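File shown here: data-v8.cif, holding mmCIF, C-alpha atoms.
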data_entry
#
loop_
_atom_site.label_atom_id
_atom_site.label_comp_id
_atom_site.auth_asym_id
_atom_site.auth_seq_id
_atom_site.Cartn_x
_atom_site.Cartn_y
_atom_site.Cartn_z
CA MET A 25 -99.16 44.75 147.57
CA ILE A 26 -98.07 42.95 144.39
CA GLN A 27 -95.79 40.84 146.58
CA ARG A 28 -98.82 39.57 148.51
CA PHE A 29 -100.76 38.50 145.43
CA ALA A 30 -97.66 37.10 143.76
CA ASN A 31 -97.62 34.24 146.25
CA PRO A 32 -98.95 31.31 144.17
CA ASN A 33 -100.84 29.67 147.06
CA ARG A 34 -102.64 32.84 148.00
CA PHE A 35 -103.33 33.42 144.31
CA MET A 36 -104.93 29.96 143.94
CA ARG A 37 -107.29 30.67 146.84
CA LEU A 38 -108.21 34.18 145.68
CA SER A 39 -108.65 33.29 142.01
CA ALA A 40 -110.91 30.34 142.86
CA ALA A 41 -113.28 32.84 144.45
CA VAL A 42 -113.04 35.42 141.64
CA VAL A 43 -113.41 33.12 138.59
CA PRO A 44 -117.18 32.43 138.94
CA TRP A 45 -117.89 36.15 139.37
CA MET A 46 -115.93 37.01 136.23
CA ALA A 47 -117.72 34.26 134.30
CA GLY A 48 -121.13 35.47 135.50
CA ALA A 49 -120.32 39.11 134.71
CA THR A 50 -119.15 38.15 131.20
CA VAL A 51 -122.36 36.25 130.46
CA ILE A 52 -124.68 38.95 131.82
CA LEU A 53 -122.82 41.96 130.35
CA GLY A 54 -122.29 40.18 127.04
CA ALA A 55 -125.93 39.16 126.72
CA ALA A 56 -127.13 42.66 127.61
CA GLY A 57 -124.62 44.29 125.26
CA LEU A 58 -125.46 42.01 122.35
CA TYR A 59 -129.20 42.40 122.87
CA LEU A 60 -128.96 46.21 123.03
CA GLY A 61 -126.47 46.36 120.18
CA LEU A 62 -128.14 43.97 117.77
CA PHE A 63 -131.82 44.61 118.52
CA GLN A 64 -132.36 47.82 120.47
CA ALA A 65 -129.75 50.26 119.13
CA PRO A 66 -130.80 52.27 116.08
CA ALA A 67 -129.29 51.87 112.63
CA ASP A 68 -126.77 54.56 111.70
CA TYR A 69 -127.77 57.49 109.49
CA GLN A 70 -125.03 56.65 107.00
CA GLN A 71 -123.98 53.06 107.56
CA GLY A 72 -127.43 51.59 108.14
CA GLU A 73 -127.43 48.19 109.84
CA SER A 74 -123.74 47.57 109.18
CA VAL A 75 -122.98 49.82 112.15
CA ARG A 76 -123.74 46.83 114.40
CA ILE A 77 -120.41 45.25 113.46
CA MET A 78 -118.88 48.04 115.56
CA TYR A 79 -120.23 46.50 118.79
CA VAL A 80 -117.82 43.59 118.34
CA HIS A 81 -115.07 45.25 116.32
CA VAL A 82 -114.31 48.20 118.59
CA PRO A 83 -114.20 46.30 121.93
CA ALA A 84 -112.07 43.59 120.26
CA ALA A 85 -109.62 46.21 119.01
CA TRP A 86 -109.48 47.90 122.42
CA MET A 87 -108.83 44.56 124.11
CA ALA A 88 -106.13 43.69 121.54
CA LEU A 89 -104.24 46.78 122.76
CA PHE A 90 -105.16 46.23 126.41
CA CYS A 91 -103.88 42.64 126.34
CA TYR A 92 -100.62 43.65 124.69
CA THR A 93 -100.11 46.41 127.26
CA SER A 94 -100.79 43.95 130.10
CA MET A 95 -98.42 41.46 128.50
CA ALA A 96 -95.66 44.09 128.26
CA ALA A 97 -96.28 45.25 131.85
CA ALA A 98 -96.18 41.66 133.12
CA SER A 99 -93.00 41.02 131.12
CA ALA A 100 -91.32 44.11 132.61
CA THR A 101 -92.37 43.00 136.09
CA ALA A 102 -90.96 39.54 135.42
CA LEU A 103 -87.65 40.90 134.11
CA ILE A 104 -87.14 43.48 136.87
CA TRP A 105 -88.67 42.02 140.02
CA LYS A 106 -88.68 38.31 139.09
CA HIS A 107 -92.19 37.74 140.42
CA PRO A 108 -93.13 34.10 139.94
CA LEU A 109 -96.58 34.92 138.56
CA ALA A 110 -95.59 37.69 136.14
CA ASP A 111 -94.05 35.38 133.53
CA LEU A 112 -97.08 33.12 133.69
CA ALA A 113 -99.45 36.10 133.35
CA ALA A 114 -97.64 37.35 130.23
CA ARG A 115 -97.54 33.86 128.71
CA SER A 116 -101.25 33.31 129.45
CA THR A 117 -102.29 36.68 128.02
CA ALA A 118 -100.75 36.19 124.56
CA PRO A 119 -103.27 33.66 123.14
CA ILE A 120 -106.22 35.74 124.42
CA GLY A 121 -104.78 38.91 122.94
CA ILE A 122 -104.15 37.32 119.56
CA CYS A 123 -107.78 36.15 119.45
CA PHE A 124 -109.03 39.69 120.08
CA THR A 125 -106.65 41.00 117.39
CA PHE A 126 -107.85 38.39 114.91
CA LEU A 127 -111.48 39.22 115.70
CA ALA A 128 -110.82 42.95 115.19
CA LEU A 129 -109.10 42.30 111.85
CA ILE A 130 -111.87 40.02 110.55
CA THR A 131 -114.82 42.16 111.67
CA GLY A 132 -113.06 45.26 110.35
CA SER A 133 -112.61 43.60 106.98
CA LEU A 134 -116.29 42.56 106.88
CA TRP A 135 -117.29 46.16 107.64
CA GLY A 136 -114.79 47.66 105.21
CA LYS A 137 -116.12 45.89 102.12
CA PRO A 138 -119.64 47.42 102.17
CA MET A 139 -118.62 50.77 103.70
CA TRP A 140 -115.24 51.68 102.24
CA GLY A 141 -115.52 49.47 99.18
CA THR A 142 -112.54 47.28 100.03
CA TRP A 143 -111.69 44.34 102.29
CA TRP A 144 -108.22 45.58 103.07
CA VAL A 145 -105.91 48.52 102.45
CA TRP A 146 -102.35 49.11 103.63
CA ASP A 147 -103.06 52.26 105.60
CA ALA A 148 -101.27 53.07 108.84
CA ARG A 149 -103.97 51.78 111.22
CA LEU A 150 -104.67 48.50 109.46
CA THR A 151 -101.01 47.74 108.87
CA SER A 152 -99.96 48.48 112.46
CA VAL A 153 -102.72 46.19 113.79
CA LEU A 154 -101.51 43.44 111.46
CA VAL A 155 -98.02 43.98 112.91
CA LEU A 156 -99.57 43.56 116.38
CA PHE A 157 -101.00 40.22 115.25
CA PHE A 158 -97.54 39.08 114.12
CA LEU A 159 -95.98 40.32 117.37
CA TYR A 160 -98.36 38.09 119.32
CA LEU A 161 -97.51 35.18 117.02
CA GLY A 162 -93.79 35.81 117.43
CA TYR A 163 -94.15 36.03 121.21
CA MET A 164 -96.01 32.73 121.37
CA ALA A 165 -93.46 31.02 119.13
CA LEU A 166 -90.50 32.38 121.11
CA VAL A 167 -91.87 31.62 124.57
CA ASN A 168 -92.17 27.94 123.61
CA ALA A 169 -88.98 27.71 121.56
CA PHE A 170 -86.61 26.74 124.41
CA ASP A 171 -86.28 23.49 126.32
CA ASP A 172 -85.74 25.52 129.47
CA PRO A 173 -89.01 27.44 130.09
CA ALA A 174 -87.18 30.17 132.04
CA ARG A 175 -84.99 31.05 129.05
CA GLY A 176 -88.02 31.13 126.73
CA ALA A 177 -89.85 33.40 129.14
CA LYS A 178 -86.91 35.81 129.32
CA ALA A 179 -86.42 36.04 125.54
CA ALA A 180 -90.16 36.45 124.96
CA ALA A 181 -90.40 39.13 127.66
CA VAL A 182 -87.76 41.18 125.82
CA LEU A 183 -89.70 40.76 122.57
CA ALA A 184 -92.94 41.86 124.30
CA LEU A 185 -91.20 45.02 125.57
CA VAL A 186 -89.64 45.84 122.19
CA GLY A 187 -92.99 45.30 120.47
CA PHE A 188 -94.68 47.69 122.87
CA VAL A 189 -93.57 50.66 120.72
CA ASN A 190 -96.26 49.50 118.30
CA VAL A 191 -99.09 50.17 120.78
CA PRO A 192 -98.97 54.01 120.72
CA ILE A 193 -98.38 53.82 116.96
CA ILE A 194 -101.67 51.92 116.57
CA LYS A 195 -103.55 54.28 118.85
CA PHE A 196 -102.33 57.49 117.18
CA SER A 197 -101.90 56.21 113.60
CA VAL A 198 -105.20 57.81 112.58
CA ASP A 199 -104.13 61.17 114.02
CA TRP A 200 -100.53 61.26 112.80
CA TRP A 201 -101.06 60.21 109.19
CA ASN A 202 -103.75 60.37 106.54
CA SER A 203 -105.49 57.03 106.72
CA LEU A 204 -108.62 55.36 105.41
CA HIS A 205 -109.57 54.27 108.92
CA GLN A 206 -111.65 56.85 110.77
CA PRO A 207 -110.24 58.58 113.88
CA ALA A 208 -111.40 57.81 117.42
CA SER A 209 -115.07 58.45 118.25
CA VAL A 210 -115.21 57.72 121.97
CA LEU A 211 -111.93 58.86 123.52
CA LYS A 212 -111.43 62.23 121.91
CA LEU A 213 -111.32 65.92 122.77
CA GLY A 214 -114.76 67.50 122.99
CA GLY A 215 -116.58 64.32 124.05
CA PRO A 216 -117.67 61.25 122.10
CA SER A 217 -119.10 61.81 118.62
CA ILE A 218 -121.34 58.80 118.98
CA HIS A 219 -124.98 58.93 119.98
CA PRO A 220 -125.72 57.74 123.58
CA SER A 221 -128.09 55.05 122.27
CA MET A 222 -125.10 53.51 120.45
CA LEU A 223 -122.49 54.31 123.09
CA ALA A 224 -124.32 52.33 125.81
CA PRO A 225 -124.18 48.91 124.09
CA LEU A 226 -120.63 49.64 122.97
CA LEU A 227 -119.47 50.26 126.54
CA LEU A 228 -121.40 47.20 127.80
CA MET A 229 -119.65 45.04 125.21
CA ALA A 230 -116.29 46.57 126.15
CA LEU A 231 -116.93 45.68 129.81
CA ALA A 232 -118.00 42.15 128.82
CA PHE A 233 -114.82 41.69 126.76
CA THR A 234 -112.75 42.94 129.71
CA THR A 235 -114.32 40.56 132.24
CA TYR A 236 -113.97 37.78 129.65
CA TYR A 237 -110.24 38.51 129.45
CA PHE A 238 -109.81 38.34 133.23
CA TRP A 239 -111.95 35.23 133.45
CA VAL A 240 -109.95 33.30 130.83
CA LEU A 241 -106.66 34.73 132.14
CA LEU A 242 -107.38 33.46 135.67
CA VAL A 243 -108.41 30.04 134.38
CA ARG A 244 -105.23 29.80 132.28
CA LEU A 245 -103.06 31.02 135.16
CA ARG A 246 -104.53 28.44 137.52
CA ALA A 247 -103.84 25.70 134.98
CA GLU A 248 -100.25 26.93 134.51
CA ILE A 249 -99.62 26.95 138.26
CA LEU A 250 -101.09 23.49 138.69
CA SER A 251 -98.99 22.09 135.85
CA THR A 252 -95.87 23.67 137.40
CA LYS A 253 -96.73 21.97 140.69
CA ILE A 254 -97.29 18.63 138.96
CA ARG A 255 -93.94 18.96 137.21
CA ALA A 256 -92.26 19.66 140.56
CA VAL A 257 -93.91 16.63 142.20
CA ARG A 258 -92.89 14.36 139.29
CA LEU A 259 -89.30 15.60 139.44
CA ARG A 260 -89.18 14.94 143.16
CA GLN A 261 -90.46 11.39 142.61
CA VAL A 262 -87.89 10.73 139.89
CA HIS A 263 -85.01 12.04 141.96
CA GLY A 264 -86.32 10.27 145.05
CA MET B 9 -77.48 50.14 143.45
CA LYS B 10 -79.42 46.97 143.95
CA ARG B 11 -79.66 44.53 141.05
CA LYS B 12 -83.35 45.08 140.49
CA HIS B 13 -82.79 48.84 140.36
CA LYS B 14 -80.11 48.25 137.76
CA ARG B 15 -82.52 46.16 135.70
CA LEU B 16 -85.24 48.80 136.06
CA THR B 17 -82.92 51.58 134.86
CA PHE B 18 -81.72 49.39 132.01
CA ILE B 19 -85.25 48.66 130.82
CA VAL B 20 -86.46 52.26 131.17
CA LEU B 21 -83.43 53.53 129.24
CA GLY B 22 -83.83 50.81 126.62
CA MET B 23 -87.50 51.64 126.09
CA GLY B 24 -86.64 55.33 125.81
CA LEU B 25 -84.00 54.68 123.15
CA LEU B 26 -86.35 52.36 121.30
CA ALA B 27 -89.13 54.94 121.28
CA THR B 28 -86.71 57.57 119.96
CA ALA B 29 -85.55 55.24 117.21
CA ALA B 30 -89.14 54.43 116.25
CA ALA B 31 -90.11 58.10 116.21
CA LEU B 32 -87.13 58.98 113.98
CA MET B 33 -87.92 56.16 111.58
CA LEU B 34 -91.60 56.99 111.34
CA SER B 35 -90.95 60.66 110.69
CA ALA B 36 -88.35 59.74 108.05
CA PHE B 37 -90.82 57.48 106.27
CA GLU B 38 -93.78 59.80 106.68
CA ASP B 39 -94.25 60.17 102.93
CA ASN B 40 -94.63 56.42 102.57
CA ILE B 41 -96.95 55.99 105.53
CA VAL B 42 -99.60 58.56 104.59
CA PHE B 43 -102.35 56.77 102.75
CA PHE B 44 -103.33 59.65 100.49
CA TYR B 45 -102.49 63.22 99.56
CA SER B 46 -104.90 66.13 99.83
CA PRO B 47 -105.39 68.33 96.72
CA THR B 48 -103.17 71.01 98.32
CA GLU B 49 -100.39 68.50 98.91
CA VAL B 50 -100.72 67.23 95.35
CA LEU B 51 -100.17 70.77 94.04
CA ASP B 52 -97.33 71.48 96.51
CA LYS B 53 -95.48 68.29 95.68
CA LYS B 54 -96.21 68.66 91.95
CA LEU B 55 -97.16 65.01 91.69
CA GLY B 56 -97.03 64.27 87.98
CA ALA B 57 -98.52 61.75 85.60
CA GLU B 58 -95.66 59.28 85.95
CA ARG B 59 -96.72 58.02 89.39
CA ARG B 60 -99.77 56.22 90.73
CA VAL B 61 -101.06 58.10 93.76
CA ARG B 62 -104.00 58.22 96.09
CA ILE B 63 -105.75 61.51 96.60
CA GLY B 64 -108.28 62.22 99.33
CA GLY B 65 -110.71 64.93 100.30
CA LEU B 66 -114.39 65.69 100.27
CA VAL B 67 -116.58 65.14 97.24
CA GLU B 68 -117.47 68.72 96.26
CA ASP B 69 -121.16 69.55 96.55
CA GLY B 70 -122.91 69.56 93.18
CA SER B 71 -119.89 68.19 91.32
CA VAL B 72 -121.00 64.57 90.79
CA LYS B 73 -122.11 63.82 87.22
CA LYS B 74 -122.97 60.31 86.11
CA ALA B 75 -123.11 59.11 82.52
CA GLY B 76 -123.82 55.38 82.56
CA ILE B 77 -121.10 53.89 84.72
CA GLU B 78 -118.73 56.76 84.08
CA VAL B 79 -118.64 59.23 86.94
CA THR B 80 -116.94 62.60 87.17
CA PHE B 81 -116.63 64.57 90.38
CA ARG B 82 -114.30 67.01 92.09
CA VAL B 83 -112.29 66.30 95.24
CA THR B 84 -111.74 69.30 97.48
CA ASP B 85 -109.96 70.08 100.74
CA LEU B 86 -111.77 73.43 100.86
CA ALA B 87 -108.60 75.12 99.59
CA ASN B 88 -107.84 73.37 96.29
CA VAL B 89 -109.84 71.17 93.94
CA ILE B 90 -108.95 68.22 91.70
CA PRO B 91 -111.28 66.92 88.96
CA VAL B 92 -111.64 63.12 88.92
CA THR B 93 -113.07 60.66 86.44
CA TYR B 94 -113.91 57.08 87.36
CA THR B 95 -115.54 54.16 85.61
CA GLY B 96 -117.02 51.51 87.85
CA ILE B 97 -119.14 50.84 90.89
CA LEU B 98 -119.00 53.37 93.73
CA PRO B 99 -119.10 52.31 97.40
CA ASP B 100 -122.36 52.83 99.35
CA LEU B 101 -121.03 55.72 101.38
CA PHE B 102 -119.93 57.72 98.33
CA ARG B 103 -121.90 60.96 98.20
CA GLU B 104 -121.44 64.68 97.93
CA GLY B 105 -119.92 66.27 101.01
CA GLN B 106 -118.47 62.93 102.16
CA GLY B 107 -114.82 61.96 102.45
CA VAL B 108 -113.43 60.00 99.52
CA ILE B 109 -110.12 58.46 98.50
CA ALA B 110 -109.30 57.82 94.83
CA GLU B 111 -106.35 55.84 93.48
CA GLY B 112 -105.04 56.36 89.95
CA ARG B 113 -102.91 58.79 87.95
CA PHE B 114 -103.13 62.20 86.33
CA VAL B 115 -103.95 62.36 82.62
CA ASN B 116 -103.90 65.89 81.18
CA GLY B 117 -104.63 67.50 84.54
CA VAL B 118 -107.59 65.22 85.25
CA PHE B 119 -107.21 62.50 87.84
CA ARG B 120 -108.22 59.20 86.26
CA ALA B 121 -109.13 56.91 89.18
CA ASP B 122 -109.28 53.15 88.92
CA GLU B 123 -110.36 52.68 92.52
CA VAL B 124 -112.62 54.86 94.65
CA LEU B 125 -112.99 54.27 98.41
CA ALA B 126 -115.43 56.05 100.69
CA LYS B 127 -113.91 57.44 103.85
CA HIS B 128 -116.16 57.19 106.86
CA ASP B 129 -116.08 59.92 109.52
CA GLU B 130 -116.17 59.24 113.24
CA THR B 131 -119.77 60.39 113.82
CA TYR B 132 -122.38 57.79 114.70
CA MET B 133 -126.06 58.66 115.18
CA PRO B 134 -129.51 57.31 114.41
CA PRO B 135 -131.22 58.64 111.23
CA GLU B 136 -133.94 60.37 113.30
CA VAL B 137 -131.33 62.42 115.14
CA ALA B 138 -129.66 63.39 111.87
CA GLU B 139 -133.11 64.33 110.53
CA ALA B 140 -133.90 66.41 113.63
CA LEU B 141 -130.55 68.19 113.45
CA LYS B 142 -131.22 69.06 109.82
CA LYS B 143 -134.72 70.35 110.66
CA SER B 144 -133.59 72.51 113.55
CA GLY B 145 -130.89 74.00 111.35
CA ARG B 146 -128.09 72.73 113.55
CA TRP B 147 -126.89 70.28 110.92
CA GLN B 148 -124.59 72.83 109.33
CA GLU B 149 -123.01 73.38 112.74
CA THR B 150 -122.29 69.70 113.28
CA GLU B 151 -121.10 69.36 109.74
CA LYS B 152 -118.77 72.30 110.14
CA THR B 153 -117.35 71.11 113.45
CA LEU B 154 -117.11 67.66 111.95
CA LYS B 155 -115.16 68.89 108.99
CA ARG B 156 -113.02 71.10 111.17
CA SER B 157 -112.32 68.66 113.97
CA GLY B 158 -112.49 65.29 112.35
CA GLN B 159 -112.19 64.93 108.68
CA MET B 160 -110.53 68.06 107.47
CA ASP B 161 -107.56 67.76 109.83
CA ARG B 162 -106.65 64.64 108.04
CA MET B 163 -107.49 66.04 104.67
CA GLY B 164 -104.48 68.30 105.00
CA THR B 165 -105.99 71.77 105.36
CA ALA B 166 -105.11 72.10 109.02
CA GLN B 167 -101.41 71.91 108.32
#
Show me this structure written as structure tokens.
Amino acid sequence: MIQRFANPNRFMRLSAAVVPWMAGATVILGAAGLYLGLFQAPADYQQGESVRIMYVHVPAAWMALFCYTSMAAASATALIWKHPLADLAARSTAPIGICFTFLALITGSLWGKPMWGTWWVWDARLTSVLVLFFLYLGYMALVNAFDDPARGAKAAAVLALVGFVNVPIIKFSVDWWNSLHQPASVLKLGGPSIHPSMLAPLLLMALAFTTYYFWVLLVRLRAEILSTKIRAVRLRQVHG
Amino acid sequence: MKRKHKRLTFIVLGMGLLATAAALMLSAFEDNIVFFYSPTEVLDKKLGAERRVRIGGLVEDGSVKKAGIEVTFRVTDLANVIPVTYTGILPDLFREGQGVIAEGRFVNGVFRADEVLAKHDETYMPPEVAEALKKSGRWQETEKTLKRSGQMDRMGTAQ
């Protein structure tokens, strides 16, 4: 199954067909989610209008974890099975993931000032997400630090796997330790503690962020494959 | 064993060891990772005046007294209570019955805070729904389950 899609030529054909659908889905879901979230959804009984920051913050934070998990999975696949596309997928995911992480940190800070009374505190959740941000940075630096791309990919893949221990720490930080950050509202025992009128735009935005990730990932992957091909053609010309 | 099976075993074992190491480290540093202590923990650990600490709990109902910009209130985890004084501007979400975190030190048994942060719970609903719940008398229920399930676990009483 993976073997079939790992063939770069087949991937180029398939992805060309999928990219417009992902782009369309992102635009439609994002527009619907933003409209519902910013205009239709009610203000919160405690937070007032500031609750609307959640519709960007929460999906961004989810995607920050999702991207890192994908990156670690792709890195493991690359290390174990040496699939030609896995390295490229991990390398292409990192910049998208770091953008989501950055967005989650910034929107969280903007929400924290009026609600908590502070821009930033060193509690377990906030600190572990900042560590995630630095892990992405480190990955991107390492993957480009070698003249031989294969060596960079291997070293960075190991870093991605080591850094994966941070992902469950982020997820459960609010349950394991006292923290300022509130615990999970959606994925928790006993059902979500968020009103359906607010949950709907939140889930729409989460879907939009997910299709956005796959859209940009496919575009980046296609560019990586093309540049690999160009490099191969140039080398062949040089060596005659 | 094929080479890729060797690599798979190596990575699975490595991740397992890494997770164990991380778990050991985090449990060893638990005291430094918790963001605040509940009143019960403060009493158990006999945290004295010499150290700056953060305490957290619910603002006790009926305990908030304001005199100018000086505020006194009591922080409770429903088992023990700590009196707090604070001079300054309170965050919007600060109110009785809500979670709060105060940073400062003890002076003669009173916690003198120099920073007060409001802790938000994980419940989100429109004001009309909150109003309706209060009217139908089910508010206490939600509040109780909320305190039991959400906030109070992390305020230390569930331990």
Which residues, named as in the file, does the PyMOL selection byres ((chain A) within 8 of (chain B)) pick out? Answer as JSON, numbers by chain.
{"A": [66, 67, 68, 69, 70, 71, 100, 103, 104, 105, 138, 139, 140, 141, 142, 146, 147, 148, 185, 186, 189, 199, 201, 202, 203, 204, 205, 206, 207, 208, 209, 217, 218, 219, 222]}
Residue contacts of A:Gly176 (12 Å, only C-alpha atoms) excluding same-chain residues fewer than 3 positions away, as a PDB file with C-alpha atoms, keeping the file's coordinate frame:
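The file below, out_10.pdb, is the result:
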ATOM      1  CA  SER A  99     -93.000  41.020 131.120  1.00  0.00           C
ATOM      2  CA  ASP A 111     -94.050  35.380 133.530  1.00  0.00           C
ATOM      3  CA  LEU A 112     -97.080  33.120 133.690  1.00  0.00           C
ATOM      4  CA  ALA A 114     -97.640  37.350 130.230  1.00  0.00           C
ATOM      5  CA  ARG A 115     -97.540  33.860 128.710  1.00  0.00           C
ATOM      6  CA  GLY A 162     -93.790  35.810 117.430  1.00  0.00           C
ATOM      7  CA  TYR A 163     -94.150  36.030 121.210  1.00  0.00           C
ATOM      8  CA  MET A 164     -96.010  32.730 121.370  1.00  0.00           C
ATOM      9  CA  ALA A 165     -93.460  31.020 119.130  1.00  0.00           C
ATOM     10  CA  LEU A 166     -90.500  32.380 121.110  1.00  0.00           C
ATOM     11  CA  VAL A 167     -91.870  31.620 124.570  1.00  0.00           C
ATOM     12  CA  ASN A 168     -92.170  27.940 123.610  1.00  0.00           C
ATOM     13  CA  ALA A 169     -88.980  27.710 121.560  1.00  0.00           C
ATOM     14  CA  PHE A 170     -86.610  26.740 124.410  1.00  0.00           C
ATOM     15  CA  ASP A 171     -86.280  23.490 126.320  1.00  0.00           C
ATOM     16  CA  ASP A 172     -85.740  25.520 129.470  1.00  0.00           C
ATOM     17  CA  PRO A 173     -89.010  27.440 130.090  1.00  0.00           C
ATOM     18  CA  ALA A 179     -86.420  36.040 125.540  1.00  0.00           C
ATOM     19  CA  ALA A 180     -90.160  36.450 124.960  1.00  0.00           C
ATOM     20  CA  ALA A 181     -90.400  39.130 127.660  1.00  0.00           C
ATOM     21  CA  VAL A 182     -87.760  41.180 125.820  1.00  0.00           C
ATOM     22  CA  LEU A 183     -89.700  40.760 122.570  1.00  0.00           C
TER      23      LEU A 183
END
Once the PyMOL selection byres ((chain A and resi 244) around 12) has been evaluated on this model, what residues remain selected, and can you format them as a VMD selection string?
chain A and resid 36 39 43 109 112 to 120 237 to 243 245 to 251
Would you list the contacts of B:Ile90 as number ranges by chain, taking every protein, DNA or RNA residue within 9 Å and counting only C-alpha atoms, but skipping same-chain residues closer than 5 positions in sequence?
B: 47, 63, 81-84, 117-119
Selection above as a file: C-alpha atoms, as a tab-separated table (two decimals), in the coordinates of the input:
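The resulting again-v7.tsv:
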chain	number	residue	atom	x	y	z
B	47	PRO	CA	-105.39	68.33	96.72
B	63	ILE	CA	-105.75	61.51	96.60
B	81	PHE	CA	-116.63	64.57	90.38
B	82	ARG	CA	-114.30	67.01	92.09
B	83	VAL	CA	-112.29	66.30	95.24
B	84	THR	CA	-111.74	69.30	97.48
B	117	GLY	CA	-104.63	67.50	84.54
B	118	VAL	CA	-107.59	65.22	85.25
B	119	PHE	CA	-107.21	62.50	87.84
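Selection around (-126.1, 44.4, 126.1) with radius 10 Å, counting all atoms listed in the file, yields the residues Val51, Ile52, Leu53, Gly54, Ala55, Ala56, Gly57, Leu58, Tyr59, Leu60, Gly61, Leu62, Phe63, Gln64, Ala65, Tyr79, Ala224, Pro225, Leu226, Leu227, Leu228, Met229, Leu231 and Ala232 of chain A.
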With only C-alpha atoms as the counted atoms, please give the residues lying no more than 7 Å from stretch 69-78 of chain B, apart from itself and same-chain residues fewer than 3 positions off, as a list in words.
Phe81, Arg82, Tyr94, Thr95, Gly96, Glu104 and Gly105 of chain B
